[in-house]
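*Asks:* Here it is, the structure, as structure tokens.
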Amino acid sequence: MDFALNDEQKMLVATVRRFIAEHLRPLEDEVEARGQLDPQQAQDLLQRSRALGLYGMNMPAGVGGGGLSHLDRILCEEQFGHTTDILIRRAFGNVYEPLLHCRDAQRERWLLPAVAGERTCAIAITEPGAGSDAQGIRTQAREQPDGSWLLQGAKHFISDAQWSDFFLVSARTGEREISMFMVDKGLPGFTLGKDQSMMGLRGTPHMELFFDDVRLEPQALLGQRGQGFKLAMGALNVVRLAQVGARAVGKASHVCERMLGWAQERRQFGSPIGDFQMVQQMLADSVIEINAARWMVYHAAWMLDQGLDAREPIAMVKVHAAETLGRVVDRAVQVFGGMGYCRDLPIERYYRDARIYRIFDGTSEIHRGVIARSALRKGAALFDPAA
């Protein structure tokens, strides 16, 4: 395993970093203040990103995507962590891997337009009674004699719902069977509920979805009947590594860089506060933990590129990277002092945005349970490569 970046990877990282600095960061304060992104600005970001080949980078080149390896994608996702969620979504897309199961006419209607940025997709799994327990969903799809389906139920906390043209919806198609459907916005019986306002992630809508006997044509079924839970877990596994793990590392790095600058500039008792040992300990611990989390992320991505089962390493990444981000940004508030708690600086925003990382896509507690059960079953093989 060699994680030294080659020239192409360095160029990719530099391109993404430059795009964020030039086009996204100038919009962050406006999004935070207004709680939304102007549609024309969103369209402009999309066009600029597509022109550079930065949209849908996670998808294969054969369907119009960037064709990146898992590790190369992770390098980009780490840079995404340096900016605001809604800007990432509009500039780089949020094209979910289950769409690769589209076949024939489905490809033209849902997959290819999503990869091209012509149609936006959101994934709808979470329900009021089914968060980390994705198998606990109650939304149902009943097959009709003509092969169509009637969708009944509700989802909530659906990120990007306001911007999305269609949704990947998990629904029960039997007592012990979950399937996934592509559901276009605007179908009769499909309504959007309220935007569930969050403590952080300003500008990203998290909405309720309601399905009142929404009729779906047969080709709305994604993949095979009963394959929905597998598709959902496959999607979430990648999300946990890329959009949680890698972005958490990137956000923690961004915060740590600001913390270091402040420790050098801010003076108390005649000295930079970076000279004080207690501040130095917070800086050192942050640097150590960020590096540890990054190598965990890279290793899990490398495993995926080798075709290995990375479910347990990704669960470890989800816990460690999310909690590392939380500790780093908490230290940053402490180092910045009163200014870290003040809205004149973005530190308090980072603090609010970081808190959700320990919750979404499976709480830290759920993943710790997964890791512990695997350790009890597999023993030292889970932490000793020579075992």
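Ordered as shown in the structure tokens, chains take letters A, B, and onward, while each chain numbers its residues from 1 and ligands are numbered from 1 in the order shown.
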May I have the residues within 8 Å of range 47-53 of chain A as a ChimeraX atom specification, using only C-alpha atoms and disregarding those fewer than 6 positions away in the same chain?

*Replies:* /A:66,91-92

*Asks:* Which residues of range 192-258 of chain A come within 7 Å of range 343-363 of chain A, and what is each one's closest atom pair and distance in Å (one decimal), counting only C-alpha atoms, sorted by chain and residue number, as a tab-separated table?

*Replies:*
```
residue	atom	partner	partner_atom	distance
A:Met199	CA	A:Arg352	CA	6.2
A:Gly200	CA	A:Asp353	CA	4.5
A:Leu201	CA	A:Asp353	CA	5.4
A:Leu236	CA	A:Asp361	CA	6.6
A:Arg240	CA	A:Asp361	CA	6.5
A:Val244	CA	A:Tyr357	CA	6.5
```

*Asks:* For the selection just defined, write its residues with N, CA and C atoms to a file, as a PDB file, in the first residue's frame.

*Replies:*
```pdb
ATOM      1  N   MET A 199     -29.952  22.508  13.317  1.00  0.00           N
ATOM      2  CA  MET A 199     -29.030  23.334  14.082  1.00  0.00           C
ATOM      3  C   MET A 199     -27.898  23.833  13.191  1.00  0.00           C
ATOM      4  N   GLY A 200     -27.466  22.990  12.279  1.00  0.00           N
ATOM      5  CA  GLY A 200     -26.394  23.351  11.352  1.00  0.00           C
ATOM      6  C   GLY A 200     -26.799  23.030   9.932  1.00  0.00           C
ATOM      7  N   LEU A 201     -25.797  22.909   9.056  1.00  0.00           N
ATOM      8  CA  LEU A 201     -26.038  22.625   7.638  1.00  0.00           C
ATOM      9  C   LEU A 201     -27.025  23.610   7.030  1.00  0.00           C
ATOM     10  N   LEU A 236     -25.283   3.560   1.522  1.00  0.00           N
ATOM     11  CA  LEU A 236     -24.906   4.183   2.794  1.00  0.00           C
ATOM     12  C   LEU A 236     -23.460   3.861   3.165  1.00  0.00           C
ATOM     13  N   ARG A 240     -20.923   6.733   4.059  1.00  0.00           N
ATOM     14  CA  ARG A 240     -20.229   6.794   5.349  1.00  0.00           C
ATOM     15  C   ARG A 240     -18.738   7.038   5.169  1.00  0.00           C
ATOM     16  N   VAL A 244     -19.088  11.223   4.978  1.00  0.00           N
ATOM     17  CA  VAL A 244     -18.912  11.397   6.423  1.00  0.00           C
ATOM     18  C   VAL A 244     -17.423  11.338   6.770  1.00  0.00           C
TER      19      VAL A 244
END
```

*Asks:* Residues near Gly193 in chain A, anyone? I mean within 8 Å using only C-alpha atoms, not counting same-chain ones fewer than 3 positions away, as JSON, numbers by chain.

*Replies:* {"A": [207, 208, 209, 210]}

*Asks:* By how many Å are CA of Pro313 in chain A and CA of Ala284 in chain A apart?

*Replies:*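 The value is 25.1 Å.
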
*Asks:* When you look at range 295-300 of chain A with a cut-off of 12 Å (counting only C-alpha atoms), what residues show up, excluding the ones that are within fewer than 2 positions of it in the same chain? I need them as number ranges by chain.

*Replies:* A: 1-5, 69-78, 237-238, 240-250, 288-293, 302-322, 324

*Asks:* Using only C-alpha atoms, which residue out of A:Ala116, A:Ala263, A:Ile178, A:Ala372 lies closest to Gln224 in chain A?

*Replies:* A:Ile178

*Asks:* Determine, using only C-alpha atoms, which residues of range 188-277 of chain A have any atom at most 12 Å from an atom of range 150-169 of chain A, and tabulate each with its shortest atom pair and distance in Å to one decimal place, rows ordered by chain and then rising number, as CSV.

*Replies:*
```
residue,atom,partner,partner_atom,distance
A:Pro188,CA,A:Leu151,CA,10.9
A:Gly189,CA,A:Leu151,CA,9.0
A:Phe190,CA,A:Leu151,CA,9.1
A:Thr191,CA,A:Ala154,CA,9.7
A:Leu192,CA,A:Ala161,CA,8.1
A:Gly193,CA,A:His156,CA,8.6
A:Lys194,CA,A:His156,CA,9.3
A:Asp195,CA,A:Phe157,CA,8.3
A:Gln196,CA,A:Phe157,CA,6.7
A:Ser197,CA,A:Phe157,CA,9.4
A:Met198,CA,A:Phe157,CA,9.6
A:Leu201,CA,A:Ser159,CA,10.1
A:Arg202,CA,A:Ser159,CA,11.6
A:Gly203,CA,A:Asp160,CA,9.4
A:Thr204,CA,A:Asp160,CA,6.1
A:Pro205,CA,A:Asp160,CA,5.3
A:His206,CA,A:Ser159,CA,4.4
A:Met207,CA,A:Ile158,CA,5.1
A:Glu208,CA,A:His156,CA,4.2
A:Leu209,CA,A:Lys155,CA,5.0
A:Phe210,CA,A:Ala154,CA,4.5
A:Phe211,CA,A:Gln152,CA,4.9
A:Asp212,CA,A:Gln152,CA,5.1
A:Asp213,CA,A:Leu151,CA,5.0
A:Val214,CA,A:Leu151,CA,4.9
A:Arg215,CA,A:Leu150,CA,4.7
A:Leu216,CA,A:Leu150,CA,6.2
A:Glu217,CA,A:Leu150,CA,9.1
A:Pro218,CA,A:Leu150,CA,10.4
A:Ala220,CA,A:Leu168,CA,9.6
A:Leu221,CA,A:Leu168,CA,9.6
A:Leu222,CA,A:Leu168,CA,8.4
A:Gly223,CA,A:Leu168,CA,11.5
A:Gly228,CA,A:Val169,CA,8.8
A:Phe229,CA,A:Val169,CA,10.7
A:Leu231,CA,A:Leu168,CA,10.0
A:Ala232,CA,A:Leu168,CA,9.0
A:Ala235,CA,A:Leu168,CA,10.7
```

*Asks:* Write down as an MDAnalysis selection string the residues belonging to range 82-308 of chain A that are assigned helix (DSSP H, G or I) by DSSP computed on the backbone.

*Replies:* chainID A and resid 85:92 97:101 105:116 134:136 161:163 218:220 228:265 273:275 277:305

*Asks:* In Å to one decimal, how far is CA of Ala141 in chain A from CA of Thr173 in chain A?

*Replies:*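 Going from CA of Thr173 in chain A over to CA of Ala141 in chain A, I get 5.3 Å.
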
*Asks:* For Arg109 in chain A, which of A:Asp285, A:Glu323, A:Glu365, A:Asp184 is the closest residue, counting only C-alpha atoms?

*Replies:*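 Among A:Asp285, A:Glu323, A:Glu365, A:Asp184, it is A:Asp184 that comes nearest to Arg109 in chain A.
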
*Asks:* Quick check for you: according to DSSP on this backbone, which residues of range 179-275 of chain A are classed as strand (DSSP E)? Reply as a count of residues only.

*Replies:* 29

*Asks:* Mind pulling up the distance from CA of Ile137 in chain A to CA of Arg172 in chain A?

*Replies:* 7.3 Å

*Asks:* Hey, what's within 8 Å of Ala332 in chain A if we count only C-alpha atoms and toss same-chain stuff fewer than 4 positions away? As a list in words, please?

*Replies:*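 My list of contacting residues is Val255, Cys256, Met259, Val328, Phe336, Gly340 and Ile347 of chain A.
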
*Asks:* Keeping only N, CA and C atoms, write the selected residues to a file as a PDB file, in the first residue's frame.

*Replies:*
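Final output, saved to selection.pdb:
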```pdb
ATOM      1  N   VAL A 255     -10.548  23.448   9.988  1.00  0.00           N
ATOM      2  CA  VAL A 255     -10.693  24.074  11.306  1.00  0.00           C
ATOM      3  C   VAL A 255      -9.338  24.155  12.003  1.00  0.00           C
ATOM      4  N   CYS A 256      -8.557  23.084  11.911  1.00  0.00           N
ATOM      5  CA  CYS A 256      -7.249  23.059  12.576  1.00  0.00           C
ATOM      6  C   CYS A 256      -6.319  24.117  12.002  1.00  0.00           C
ATOM      7  N   MET A 259      -7.255  27.284  13.507  1.00  0.00           N
ATOM      8  CA  MET A 259      -6.874  27.279  14.917  1.00  0.00           C
ATOM      9  C   MET A 259      -5.383  27.572  15.076  1.00  0.00           C
ATOM     10  N   VAL A 328     -11.967  18.242  17.450  1.00  0.00           N
ATOM     11  CA  VAL A 328     -11.151  19.318  16.878  1.00  0.00           C
ATOM     12  C   VAL A 328     -11.900  20.642  16.897  1.00  0.00           C
ATOM     13  N   PHE A 336     -10.139  29.830  20.277  1.00  0.00           N
ATOM     14  CA  PHE A 336     -10.605  31.145  19.835  1.00  0.00           C
ATOM     15  C   PHE A 336     -11.273  31.932  20.954  1.00  0.00           C
ATOM     16  N   GLY A 340     -14.630  32.497  19.218  1.00  0.00           N
ATOM     17  CA  GLY A 340     -15.049  31.211  18.694  1.00  0.00           C
ATOM     18  C   GLY A 340     -16.533  30.972  18.884  1.00  0.00           C
ATOM     19  N   ILE A 347     -16.199  29.893  13.189  1.00  0.00           N
ATOM     20  CA  ILE A 347     -15.915  28.760  14.071  1.00  0.00           C
ATOM     21  C   ILE A 347     -17.198  28.202  14.682  1.00  0.00           C
TER      22      ILE A 347
END
```

*Asks:* Considering only C-alpha atoms, return as a PyMOL selection string whatever protein or nucleic-acid residues lie within 12 Å of Arg176 in chain A, sequence-local ones (same chain, fewer than 6 positions apart) excluded.

*Replies:* chain A and resi 135-138+140+225-229

*Asks:* Store the residues of this selection in a file with C-alpha atoms, as a JSON list (two decimals), in the first residue's frame.

*Replies:*
```json
[["chain", "number", "residue", "atom", "x", "y", "z"],
["A", 135, "GLN", "CA", -35.02, -2.28, 8.27],
["A", 136, "GLY", "CA", -37.71, -0.69, 10.43],
["A", 137, "ILE", "CA", -39.35, 1.23, 7.59],
["A", 138, "ARG", "CA", -43.14, 1.17, 7.27],
["A", 140, "GLN", "CA", -45.22, 0.16, 1.62],
["A", 225, "ARG", "CA", -37.74, -6.92, -6.08],
["A", 226, "GLY", "CA", -36.49, -7.50, -2.54],
["A", 227, "GLN", "CA", -33.07, -5.99, -3.32],
["A", 228, "GLY", "CA", -33.87, -2.63, -1.74],
["A", 229, "PHE", "CA", -32.18, -3.13, 1.62]]
```

*Asks:* Between A:Cys121, A:Ala381, A:Arg258, A:Glu97, which has the minimum distance to Val333 in chain A (counting only C-alpha atoms)?

*Replies:*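 The closest residue to Val333 in chain A is A:Arg258.
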